[in-house]
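Data first, discussion second: the structure below is written as structure tokens.
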Amino acid sequence: MLHKDLKPFPDDFFWGASSSAYQVEGAALEDGKGPSCQDVKEIPEGTSDLSVSVDHYHRYKEDIALMAEMGFKSYRFSISWSRILPDGTGAVNPQGIAFYNNLIDECLKYGIEPIVTMFHFDMPAALDERGSWSKRESIDWFAEFATVLFENFGDRVKYWLTINEQNMLTLVGPIIGTLHVPEGTTNLTKEIYQQNHHQLVAQAKAMQICHQMLPEAKIGPAPNIALVYAASSKPEDVIASQNFNAIRNWLYLDAAVYGVYNNLVWSYLEEHDATPQVTAEDLAIMKAAKPDFLGINYYNTATVEASTEEDQAGVVGDQQSRQTFPGIARSVPNPNLVKTEFGWEIDPIGFRSTVREIYSRYRLPILITENGLGAYDSLTEDGKVHDPYRIDYLRHHIEQIHLAITDGVEMMGYNPWSAIDLISTHEGIKKRYGFIYVDRDDFDLKTLKRYRKDSFYWYKKVIATNGQDLSD
């Protein structure tokens with residue numbers, strides 16, 4: 001659809017950026033914090049541990065001031081479960097409460113809306129040892145955590161996100177380092193989707209609690225959604241794309257918005273003797289959740305062709321890369337797209353396609369909670385970071401948001417990944433995403449000094465003009 005005139009970005013559009021606790025905070029075991037699964041996992045060879053990260057825990061005032069200098073209207077960050085509840089349940093850590101109170105207050109001091117993710121890949125290690133999401137009790141663990149958050153921060157936090165990228169936790173948990181496999185598991189698919197079910201119910205319960213405790217607040221999920229293309233116009237490839245869209249995308253949004261399981265996914269699970277145990281109470285909780293908006297992480301689209309039973313199941317690369325489900329769909333490269341230095345396809349037009357499809361299916365406001373370019377940035381001798389590739393990437397994606405708004409999609413904001421350089425789950429600090437450069441390497445903390453990248457100044461101008469000026 002071509003538009004002669006573009007509608008403006010809303011006046012209250014949330015321009016900002018994102019981060020997660022374990023990737024920026026550091027202070028991994030300081031001030032009463034218990035270890036999370038991220039603190040005890042096997043770190044990928046050649047990458048940093050998370051004990052210091054980029055030391056946001058001790059430097060949050062400086063970091064928030066830099067975000068304010070850019071003109072941020074919002075900052076999407078996560079709260080470390082084990083910093084609040086060191087054992088996952090039970091005693092609350094007052095120092096953890098104090099840190100997040102201070103962080104929230106610092107945001108509000110500059111007029112930055114705090115958008116809080118409740119769970120971002122960091123299950124408390126104590127709960128991991130008790131079975132993590134494999135246990136039905138995990139629903140109550142998460143509800144208890146949610147209640148503590150709402151009680152302590154709900155007077156100032158008006159926007160909440162439940163579980164970051166639950167679909168990635170389900171589809172590629174081993175790659176992220178989050179999958180707990182109970183001893184004696186014989187049907188891994190069934191186990192994974194039982195854990196997924198517990199997360200769906202836990203998320204729904206947290207939404208209910210939020211609406212009860214904080215009637216003025218808004219809450220939604222934050223999956224990673226990417227439209228799946230058919231590799232050709234062959235009907236078999238179209239069916240494959242429908243299959244993979246259901247497994248990768250619609251399962252999570254159908255459950256969050258409508259409280260039901262996607263029929264194609266349920267059929268897939270039946271075929272593999274992998275349907276989860278679902279109670280009538282579970283379904284009632286899911287039906288009653290009613291999210292207020294959808295947080296969406298978007299990096300790239302996927303492309304698939306028809307698959308045979310002889311294909312080998314598996315994942316190529318990290319969580320944004322290709323997957324094959326034998327007899328369901330086989331992921332293939334898209335020859336029409338270029339790739340980043342780390343092998344991720346870049347598809348700004350697919351961004352527009354994705355949000356259009358989401359809005360058509362669910363008719364809820366959409367907040368972009370992640371989108372960005374990981375790259376090898378370098379600091380010059382005079383303290384500059386020239387990252388025209390990031391500016392180019394962000395410009396083309398913002399242009400597509402503008403078109404989507406003109407299409408009639410209700411867009412709440414754009415919070416790309418990431419506000420500041422952080423420790424990437426797979427590639428450590430060398431894969432940089434931020435507007436703010438942090439002077440450290442994977443095994444040399446250096447000065448940890450902050451530097452404004454060229455993209456910092458560019459994004460400042462974009463925000464100041466409410467998305468009207470995207471020029472260099």
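Labels used: A, B, ... for chains in the order of the structure tokens, numbers from 1 for residues in each chain, and numbers from 1 for ligands as shown.
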Quick one: residues within 7 Å of A:Ala143, only C-alpha atoms, excluding same-chain residues fewer than 4 positions away - as an MDAnalysis selection string? chainID A and resid 139 147 202 205:206
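Within stretch 188-327 of chain A, residues classed as strand (DSSP E or B) by DSSP on backbone coordinates are Lys218, Ile219, Gly220, Pro221, Ala222, Asn224, Val228, Tyr229, Ala230, Leu294, Gly295, Ile296, Asn297, Ala302, Thr303, Val304, Glu305, Gly314, Val315, Val316, Arg322, Gln323, Thr324 and Phe325 of chain A.
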Let's have the selection written as a compact mmCIF listing (two decimals), in the first residue's frame, with N, CA, C and O atoms.
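Wrote selection.txt, looks like this:
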```
# COMPACT_ATOMS: atom_id res chain seq x y z
N LYS A 218 -0.96 -0.65 32.97
CA LYS A 218 -1.14 -1.45 31.76
C LYS A 218 -0.06 -2.53 31.72
O LYS A 218 1.09 -2.28 32.10
N ILE A 219 -0.44 -3.71 31.21
CA ILE A 219 0.48 -4.84 31.21
C ILE A 219 0.29 -5.67 29.95
O ILE A 219 -0.81 -5.74 29.40
N GLY A 220 1.39 -6.25 29.47
CA GLY A 220 1.31 -7.08 28.27
C GLY A 220 2.49 -8.02 28.19
O GLY A 220 3.46 -7.92 28.96
N PRO A 221 2.45 -8.96 27.25
CA PRO A 221 3.57 -9.89 27.03
C PRO A 221 4.66 -9.22 26.20
O PRO A 221 4.47 -8.12 25.68
N ALA A 222 5.79 -9.90 26.05
CA ALA A 222 6.88 -9.35 25.22
C ALA A 222 7.56 -10.46 24.43
O ALA A 222 8.74 -10.74 24.63
N ASN A 224 9.12 -12.42 20.97
CA ASN A 224 9.88 -12.05 19.78
C ASN A 224 9.07 -12.52 18.57
O ASN A 224 8.97 -13.72 18.31
N VAL A 228 6.81 -15.06 9.10
CA VAL A 228 7.48 -16.14 8.37
C VAL A 228 6.97 -16.17 6.94
O VAL A 228 5.77 -16.35 6.69
N TYR A 229 7.89 -15.99 5.99
CA TYR A 229 7.55 -16.00 4.58
C TYR A 229 7.60 -17.43 4.02
O TYR A 229 8.39 -18.26 4.49
N ALA A 230 6.81 -17.68 2.99
CA ALA A 230 6.98 -18.89 2.19
C ALA A 230 8.11 -18.66 1.20
O ALA A 230 8.22 -17.59 0.59
N LEU A 294 0.61 -5.03 23.48
CA LEU A 294 1.56 -6.09 23.14
C LEU A 294 2.95 -5.50 23.01
O LEU A 294 3.18 -4.59 22.21
N GLY A 295 3.88 -5.98 23.83
CA GLY A 295 5.28 -5.66 23.63
C GLY A 295 5.84 -6.60 22.59
O GLY A 295 5.64 -7.81 22.68
N ILE A 296 6.53 -6.08 21.60
CA ILE A 296 7.03 -6.90 20.50
C ILE A 296 8.52 -6.66 20.29
O ILE A 296 8.95 -5.52 20.07
N ASN A 297 9.30 -7.74 20.35
CA ASN A 297 10.70 -7.70 19.96
C ASN A 297 10.79 -8.14 18.51
O ASN A 297 10.29 -9.22 18.15
N ALA A 302 11.60 -14.61 8.96
CA ALA A 302 12.10 -15.94 8.65
C ALA A 302 11.50 -16.38 7.32
O ALA A 302 10.47 -15.85 6.88
N THR A 303 12.13 -17.31 6.67
CA THR A 303 11.66 -17.84 5.40
C THR A 303 11.74 -19.36 5.46
O THR A 303 12.76 -19.91 5.91
N VAL A 304 10.68 -20.04 5.02
CA VAL A 304 10.66 -21.51 5.12
C VAL A 304 10.14 -22.12 3.83
O VAL A 304 9.44 -21.48 3.03
N GLU A 305 10.47 -23.38 3.67
CA GLU A 305 9.92 -24.19 2.59
C GLU A 305 9.37 -25.48 3.18
O GLU A 305 9.56 -25.76 4.37
N GLY A 314 16.48 -29.16 14.21
CA GLY A 314 17.58 -28.44 14.83
C GLY A 314 17.57 -26.97 14.53
O GLY A 314 16.72 -26.45 13.80
N VAL A 315 18.54 -26.28 15.14
CA VAL A 315 18.70 -24.84 15.02
C VAL A 315 20.07 -24.56 14.44
O VAL A 315 21.07 -25.18 14.85
N VAL A 316 20.14 -23.66 13.48
CA VAL A 316 21.41 -23.21 12.92
C VAL A 316 21.69 -21.82 13.47
O VAL A 316 20.93 -20.88 13.21
N ARG A 322 18.06 -19.99 11.89
CA ARG A 322 17.13 -20.88 11.21
C ARG A 322 16.84 -22.15 12.01
O ARG A 322 17.72 -22.71 12.65
N GLN A 323 15.60 -22.62 11.89
CA GLN A 323 15.16 -23.85 12.54
C GLN A 323 14.46 -24.75 11.53
O GLN A 323 13.88 -24.27 10.55
N THR A 324 14.52 -26.05 11.80
CA THR A 324 13.81 -27.02 10.97
C THR A 324 12.96 -27.91 11.85
O THR A 324 13.44 -28.44 12.87
N PHE A 325 11.69 -28.07 11.47
CA PHE A 325 10.78 -29.00 12.11
C PHE A 325 10.41 -30.04 11.06
O PHE A 325 9.67 -29.73 10.12
```
Can you tell me which residues surround stretch 233-248 of chain A at a distance of at most 12 Å, considering only C-alpha atoms, apart from same-chain residues fewer than 4 positions away, and format the answer as number ranges by chain? A: 165-172, 193, 223-229, 252-255, 261-269, 301-308, 319-320, 322-332, 354, 357-358
Based on the selection just made, write N, CA and C atoms of those residues as a short mmCIF file (atom, residue, chain, number, x, y, z; two decimals), in the first residue's frame.
```cif
data_model
loop_
_atom_site.label_atom_id
_atom_site.label_comp_id
_atom_site.auth_asym_id
_atom_site.auth_seq_id
_atom_site.Cartn_x
_atom_site.Cartn_y
_atom_site.Cartn_z
N GLU A 165 10.38 -12.68 25.57
CA GLU A 165 10.64 -13.69 24.55
C GLU A 165 10.38 -15.11 25.03
N GLN A 166 9.16 -15.33 25.53
CA GLN A 166 8.82 -16.68 25.96
C GLN A 166 8.95 -17.68 24.82
N ASN A 167 8.68 -17.23 23.60
CA ASN A 167 8.82 -18.16 22.47
C ASN A 167 10.27 -18.57 22.27
N MET A 168 11.23 -17.70 22.54
CA MET A 168 12.63 -18.09 22.43
C MET A 168 13.03 -19.02 23.58
N LEU A 169 12.48 -18.79 24.77
CA LEU A 169 12.72 -19.71 25.88
C LEU A 169 12.26 -21.12 25.52
N THR A 170 11.17 -21.18 24.77
CA THR A 170 10.60 -22.48 24.39
C THR A 170 11.33 -23.09 23.20
N LEU A 171 11.61 -22.29 22.19
CA LEU A 171 12.16 -22.83 20.95
C LEU A 171 13.66 -23.06 21.01
N VAL A 172 14.39 -22.21 21.70
CA VAL A 172 15.85 -22.31 21.72
C VAL A 172 16.41 -22.12 23.12
N TYR A 193 7.13 -28.07 26.25
CA TYR A 193 5.83 -27.42 26.10
C TYR A 193 5.02 -27.47 27.39
N PRO A 223 6.84 -11.10 23.51
CA PRO A 223 7.47 -12.15 22.70
C PRO A 223 8.30 -11.56 21.56
N ASN A 224 9.12 -12.42 20.97
CA ASN A 224 9.88 -12.05 19.78
C ASN A 224 9.07 -12.52 18.57
N ILE A 225 8.49 -11.59 17.85
CA ILE A 225 7.59 -11.94 16.74
C ILE A 225 8.24 -11.56 15.42
N ALA A 226 8.24 -12.51 14.50
CA ALA A 226 8.83 -12.29 13.18
C ALA A 226 7.98 -13.02 12.15
N LEU A 227 7.43 -12.30 11.23
CA LEU A 227 6.61 -12.91 10.20
C LEU A 227 7.43 -13.94 9.42
N VAL A 228 6.81 -15.06 9.10
CA VAL A 228 7.48 -16.14 8.37
C VAL A 228 6.97 -16.17 6.94
N TYR A 229 7.89 -15.99 5.99
CA TYR A 229 7.55 -16.00 4.58
C TYR A 229 7.60 -17.43 4.02
N TYR A 252 1.90 -17.95 21.10
CA TYR A 252 2.14 -17.10 22.26
C TYR A 252 1.17 -15.94 22.33
N LEU A 253 0.85 -15.36 21.19
CA LEU A 253 -0.08 -14.24 21.20
C LEU A 253 -1.53 -14.71 21.30
N ASP A 254 -1.88 -15.83 20.68
CA ASP A 254 -3.23 -16.38 20.86
C ASP A 254 -3.50 -16.68 22.33
N ALA A 255 -2.50 -17.27 23.01
CA ALA A 255 -2.66 -17.61 24.42
C ALA A 255 -2.74 -16.36 25.29
N TYR A 261 -5.17 -22.07 23.00
CA TYR A 261 -4.05 -22.64 22.26
C TYR A 261 -4.33 -22.56 20.76
N ASN A 262 -3.31 -22.18 20.01
CA ASN A 262 -3.42 -22.17 18.55
C ASN A 262 -3.68 -23.59 18.05
N ASN A 263 -4.64 -23.74 17.16
CA ASN A 263 -5.05 -25.08 16.72
C ASN A 263 -3.96 -25.82 15.95
N LEU A 264 -3.17 -25.09 15.13
CA LEU A 264 -2.11 -25.75 14.39
C LEU A 264 -1.02 -26.28 15.32
N VAL A 265 -0.70 -25.50 16.34
CA VAL A 265 0.32 -25.93 17.30
C VAL A 265 -0.18 -27.12 18.11
N TRP A 266 -1.44 -27.06 18.51
CA TRP A 266 -1.99 -28.18 19.29
C TRP A 266 -1.96 -29.47 18.46
N SER A 267 -2.26 -29.34 17.18
CA SER A 267 -2.20 -30.51 16.30
C SER A 267 -0.77 -31.03 16.20
N TYR A 268 0.19 -30.12 16.10
CA TYR A 268 1.61 -30.50 16.06
C TYR A 268 2.00 -31.24 17.34
N LEU A 269 1.55 -30.74 18.49
CA LEU A 269 1.89 -31.37 19.76
C LEU A 269 1.22 -32.74 19.89
N THR A 301 12.75 -11.26 9.81
CA THR A 301 11.75 -12.24 9.43
C THR A 301 12.41 -13.60 9.26
N ALA A 302 11.60 -14.61 8.96
CA ALA A 302 12.10 -15.94 8.65
C ALA A 302 11.50 -16.38 7.32
N THR A 303 12.13 -17.31 6.67
CA THR A 303 11.66 -17.84 5.40
C THR A 303 11.74 -19.36 5.46
N VAL A 304 10.68 -20.04 5.02
CA VAL A 304 10.66 -21.51 5.12
C VAL A 304 10.14 -22.12 3.83
N GLU A 305 10.47 -23.38 3.67
CA GLU A 305 9.92 -24.19 2.59
C GLU A 305 9.37 -25.48 3.18
N ALA A 306 8.69 -26.25 2.37
CA ALA A 306 8.12 -27.51 2.84
C ALA A 306 9.23 -28.44 3.33
N SER A 307 8.91 -29.23 4.33
CA SER A 307 9.86 -30.15 4.93
C SER A 307 9.35 -31.58 4.83
N THR A 308 10.27 -32.51 4.79
CA THR A 308 9.89 -33.93 4.82
C THR A 308 10.27 -34.51 6.17
N GLN A 319 19.45 -17.63 18.56
CA GLN A 319 17.98 -17.66 18.63
C GLN A 319 17.29 -16.95 17.48
N GLN A 320 18.02 -16.11 16.72
CA GLN A 320 17.39 -15.43 15.60
C GLN A 320 17.61 -16.18 14.28
N ARG A 322 18.06 -19.99 11.89
CA ARG A 322 17.13 -20.88 11.21
C ARG A 322 16.84 -22.15 12.01
N GLN A 323 15.60 -22.62 11.89
CA GLN A 323 15.16 -23.85 12.54
C GLN A 323 14.46 -24.75 11.53
N THR A 324 14.52 -26.05 11.80
CA THR A 324 13.81 -27.02 10.97
C THR A 324 12.96 -27.91 11.85
N PHE A 325 11.69 -28.07 11.47
CA PHE A 325 10.78 -29.00 12.11
C PHE A 325 10.41 -30.04 11.06
N PRO A 326 10.93 -31.26 11.17
CA PRO A 326 10.66 -32.26 10.14
C PRO A 326 9.17 -32.46 9.88
N GLY A 327 8.81 -32.41 8.60
CA GLY A 327 7.42 -32.58 8.22
C GLY A 327 6.57 -31.35 8.44
N ILE A 328 7.16 -30.31 9.01
CA ILE A 328 6.42 -29.08 9.34
C ILE A 328 6.92 -27.91 8.49
N ALA A 329 8.20 -27.60 8.61
CA ALA A 329 8.80 -26.48 7.88
C ALA A 329 10.31 -26.56 7.99
N ARG A 330 10.99 -26.12 6.93
CA ARG A 330 12.45 -26.06 6.92
C ARG A 330 12.88 -24.63 6.61
N SER A 331 13.61 -24.02 7.52
CA SER A 331 14.05 -22.65 7.32
C SER A 331 15.14 -22.58 6.26
N VAL A 332 15.09 -21.53 5.44
CA VAL A 332 16.07 -21.33 4.39
C VAL A 332 16.48 -19.86 4.37
N THR A 354 5.17 -7.37 9.74
CA THR A 354 4.94 -8.08 11.00
C THR A 354 3.94 -7.33 11.88
N GLU A 357 0.39 -7.45 10.52
CA GLU A 357 -0.26 -8.74 10.75
C GLU A 357 -0.67 -8.90 12.20
N ILE A 358 0.21 -8.49 13.13
CA ILE A 358 -0.12 -8.58 14.56
C ILE A 358 -1.37 -7.75 14.86
#
```
Surrounding residues of stretch 369-384 of chain A excluding itself and chain neighbours under 2 positions, 9 Å, only C-alpha atoms, as a PyMOL selection string: chain A and resi 17-19+76+222+224+295-300+340-342+346+367+386-387+389-390+393-394+397+413-418+424+430-434+437+439+451-454
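Of the residues listed (A:Leu337, A:Leu2, A:Leu470, A:Val385), A:Val385 shows the shortest atom-to-atom separation from A:Ile436; distances use only C-alpha atoms.
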Show me, as an NGL selection string, the residues that have an atom within 8 Å of stretch 278-290 of chain A when counting only C-alpha atoms, minus same-chain residues fewer than 3 positions from it. :A and (197 or 200-201 or 204-205 or 207-208 or 255-260)
Restricting it to N, CA, C and O atoms, dump the selection as an mmCIF file, in the first residue's frame.
```cif
data_model
loop_
_atom_site.group_PDB
_atom_site.id
_atom_site.type_symbol
_atom_site.label_atom_id
_atom_site.label_comp_id
_atom_site.auth_asym_id
_atom_site.auth_seq_id
_atom_site.Cartn_x
_atom_site.Cartn_y
_atom_site.Cartn_z
ATOM 1 N N HIS A 197 3.679 -24.103 29.008
ATOM 2 C CA HIS A 197 2.314 -23.937 29.526
ATOM 3 C C HIS A 197 2.341 -23.280 30.903
ATOM 4 O O HIS A 197 1.523 -22.386 31.182
ATOM 5 N N LEU A 200 2.772 -19.691 30.403
ATOM 6 C CA LEU A 200 1.559 -19.041 29.908
ATOM 7 C C LEU A 200 0.582 -18.766 31.049
ATOM 8 O O LEU A 200 -0.020 -17.688 31.127
ATOM 9 N N VAL A 201 0.420 -19.730 31.928
ATOM 10 C CA VAL A 201 -0.513 -19.553 33.053
ATOM 11 C C VAL A 201 0.058 -18.538 34.042
ATOM 12 O O VAL A 201 -0.674 -17.690 34.569
ATOM 13 N N ALA A 204 -0.479 -15.106 32.673
ATOM 14 C CA ALA A 204 -1.884 -14.717 32.782
ATOM 15 C C ALA A 204 -2.238 -14.348 34.214
ATOM 16 O O ALA A 204 -2.964 -13.374 34.459
ATOM 17 N N LYS A 205 -1.711 -15.113 35.159
ATOM 18 C CA LYS A 205 -1.994 -14.831 36.567
ATOM 19 C C LYS A 205 -1.403 -13.480 36.970
ATOM 20 O O LYS A 205 -2.035 -12.706 37.697
ATOM 21 N N MET A 207 -0.956 -10.949 35.012
ATOM 22 C CA MET A 207 -1.804 -9.907 34.424
ATOM 23 C C MET A 207 -3.040 -9.668 35.291
ATOM 24 O O MET A 207 -3.426 -8.510 35.522
ATOM 25 N N GLN A 208 -3.646 -10.746 35.765
ATOM 26 C CA GLN A 208 -4.820 -10.605 36.631
ATOM 27 C C GLN A 208 -4.466 -9.856 37.908
ATOM 28 O O GLN A 208 -5.189 -8.954 38.336
ATOM 29 N N ALA A 255 -2.496 -17.270 23.007
ATOM 30 C CA ALA A 255 -2.658 -17.607 24.423
ATOM 31 C C ALA A 255 -2.737 -16.357 25.286
ATOM 32 O O ALA A 255 -3.560 -16.274 26.208
ATOM 33 N N ALA A 256 -1.888 -15.366 24.987
ATOM 34 C CA ALA A 256 -1.869 -14.152 25.807
ATOM 35 C C ALA A 256 -3.124 -13.316 25.626
ATOM 36 O O ALA A 256 -3.676 -12.788 26.596
ATOM 37 N N VAL A 257 -3.599 -13.189 24.386
ATOM 38 C CA VAL A 257 -4.718 -12.287 24.100
ATOM 39 C C VAL A 257 -6.064 -12.982 24.270
ATOM 40 O O VAL A 257 -6.989 -12.439 24.879
ATOM 41 N N TYR A 258 -6.187 -14.181 23.741
ATOM 42 C CA TYR A 258 -7.475 -14.879 23.735
ATOM 43 C C TYR A 258 -7.580 -15.984 24.782
ATOM 44 O O TYR A 258 -8.672 -16.513 25.018
ATOM 45 N N GLY A 259 -6.456 -16.365 25.363
ATOM 46 C CA GLY A 259 -6.478 -17.422 26.364
ATOM 47 C C GLY A 259 -6.717 -18.803 25.790
ATOM 48 O O GLY A 259 -7.234 -19.683 26.485
ATOM 49 N N VAL A 260 -6.344 -19.018 24.534
ATOM 50 C CA VAL A 260 -6.562 -20.312 23.883
ATOM 51 C C VAL A 260 -5.270 -20.768 23.212
ATOM 52 O O VAL A 260 -4.392 -19.963 22.895
#
```
What are the closest atom pairs, with distances in Å to one decimal, for all residues of stretch 143-207 of chain A lying within 12 Å of stretch 27-40 of chain A? Consider only C-alpha atoms, order rows by chain and residue number, and present the result as a Markdown table.
```
| residue | atom | partner | partner_atom | distance |
| --- | --- | --- | --- | --- |
| A:Ile176 | CA | A:Gln38 | CA | 9.1 |
| A:Gly177 | CA | A:Gln38 | CA | 7.2 |
| A:Thr178 | CA | A:Cys37 | CA | 6.8 |
| A:Leu179 | CA | A:Cys37 | CA | 9.5 |
| A:His180 | CA | A:Cys37 | CA | 9.7 |
```
Can you pull out the residues contacting A:Ala98? Cut-off 12 Å, using only C-alpha atoms, and skip same-chain residues under 5 positions away; I want them as a PyMOL selection string. chain A and resi 31-32+57+83-84+92-93+103-105+152-153
Mind dumping the selected residues with all heavy atoms as a compact mmCIF listing (two decimals), in the first residue's frame?
```txt
# COMPACT_ATOMS: atom_id res chain seq x y z
N ASP A 31 25.09 -6.92 47.60
CA ASP A 31 23.95 -6.33 48.32
C ASP A 31 22.78 -7.29 48.43
O ASP A 31 21.62 -6.93 48.22
CB ASP A 31 23.50 -5.03 47.62
CG ASP A 31 24.53 -3.93 47.73
OD1 ASP A 31 25.40 -4.01 48.62
OD2 ASP A 31 24.49 -2.99 46.91
N GLY A 32 23.08 -8.53 48.76
CA GLY A 32 22.03 -9.49 49.06
C GLY A 32 21.45 -10.22 47.87
O GLY A 32 20.55 -11.05 48.04
N TYR A 57 24.66 -1.15 37.72
CA TYR A 57 24.21 -1.13 39.11
C TYR A 57 24.83 0.04 39.87
O TYR A 57 24.16 0.71 40.67
CB TYR A 57 24.58 -2.45 39.79
CG TYR A 57 24.05 -2.61 41.20
CD1 TYR A 57 22.73 -2.99 41.43
CD2 TYR A 57 24.87 -2.37 42.30
CE1 TYR A 57 22.25 -3.13 42.72
CE2 TYR A 57 24.40 -2.51 43.59
CZ TYR A 57 23.08 -2.90 43.80
OH TYR A 57 22.59 -3.04 45.09
N ARG A 83 17.50 -10.55 42.68
CA ARG A 83 17.91 -9.39 43.46
C ARG A 83 16.79 -8.97 44.41
O ARG A 83 17.04 -8.41 45.48
CB ARG A 83 18.28 -8.20 42.54
CG ARG A 83 19.09 -7.13 43.26
CD ARG A 83 19.51 -5.98 42.37
NE ARG A 83 20.45 -6.31 41.33
CZ ARG A 83 21.75 -6.50 41.52
NH1 ARG A 83 22.26 -6.42 42.74
NH2 ARG A 83 22.55 -6.77 40.49
N ILE A 84 15.56 -9.26 44.02
CA ILE A 84 14.40 -8.95 44.87
C ILE A 84 14.12 -10.08 45.86
O ILE A 84 13.91 -9.86 47.05
CB ILE A 84 13.15 -8.71 43.98
CG1 ILE A 84 13.37 -7.50 43.06
CG2 ILE A 84 11.91 -8.52 44.85
CD1 ILE A 84 13.55 -6.19 43.78
N VAL A 92 12.22 -11.03 51.21
CA VAL A 92 12.52 -9.97 50.24
C VAL A 92 13.82 -9.29 50.62
O VAL A 92 14.09 -9.04 51.81
CB VAL A 92 11.36 -8.94 50.22
CG1 VAL A 92 11.71 -7.76 49.32
CG2 VAL A 92 10.07 -9.60 49.77
N ASN A 93 14.66 -8.99 49.63
CA ASN A 93 15.93 -8.32 49.86
C ASN A 93 15.72 -6.80 49.83
O ASN A 93 15.49 -6.22 48.76
CB ASN A 93 16.93 -8.73 48.77
CG ASN A 93 18.24 -7.98 48.86
OD1 ASN A 93 18.62 -7.49 49.93
ND2 ASN A 93 18.94 -7.88 47.73
N LEU A 103 16.40 3.51 40.83
CA LEU A 103 16.44 3.53 39.37
C LEU A 103 15.17 4.13 38.79
O LEU A 103 15.21 4.97 37.89
CB LEU A 103 16.65 2.10 38.85
CG LEU A 103 16.68 1.91 37.33
CD1 LEU A 103 17.81 2.71 36.69
CD2 LEU A 103 16.82 0.43 36.99
N ILE A 104 14.03 3.71 39.33
CA ILE A 104 12.73 4.23 38.87
C ILE A 104 12.63 5.73 39.14
O ILE A 104 12.23 6.51 38.27
CB ILE A 104 11.59 3.46 39.54
CG1 ILE A 104 11.54 2.02 39.00
CG2 ILE A 104 10.26 4.16 39.33
CD1 ILE A 104 10.70 1.07 39.85
N ASP A 105 13.03 6.12 40.33
CA ASP A 105 12.95 7.55 40.68
C ASP A 105 13.88 8.38 39.81
O ASP A 105 13.55 9.53 39.45
CB ASP A 105 13.30 7.75 42.16
CG ASP A 105 12.21 7.23 43.09
OD1 ASP A 105 11.08 6.99 42.61
OD2 ASP A 105 12.50 7.04 44.29
N ASN A 152 5.69 -2.82 45.61
CA ASN A 152 6.80 -1.92 45.88
C ASN A 152 6.98 -0.83 44.82
O ASN A 152 7.47 0.26 45.15
CB ASN A 152 8.10 -2.72 46.02
CG ASN A 152 8.19 -3.44 47.36
OD1 ASN A 152 8.60 -2.84 48.35
ND2 ASN A 152 7.81 -4.70 47.37
N PHE A 153 6.59 -1.12 43.57
CA PHE A 153 6.89 -0.18 42.50
C PHE A 153 5.65 0.29 41.73
O PHE A 153 5.76 1.18 40.87
CB PHE A 153 7.88 -0.82 41.51
CG PHE A 153 9.08 -1.45 42.17
CD1 PHE A 153 9.37 -2.79 41.96
CD2 PHE A 153 9.90 -0.71 43.00
CE1 PHE A 153 10.47 -3.39 42.57
CE2 PHE A 153 11.00 -1.29 43.62
CZ PHE A 153 11.29 -2.64 43.41
```
Find the residues near stretch 118-131 of chain A: any atom within 7 Å, counting only C-alpha atoms, skip ones fewer than 2 places away on the same chain, and give them as a ChimeraX atom specification. /A:20,35-38,78-82,87-88,116,133-135,161-164,178,180,182
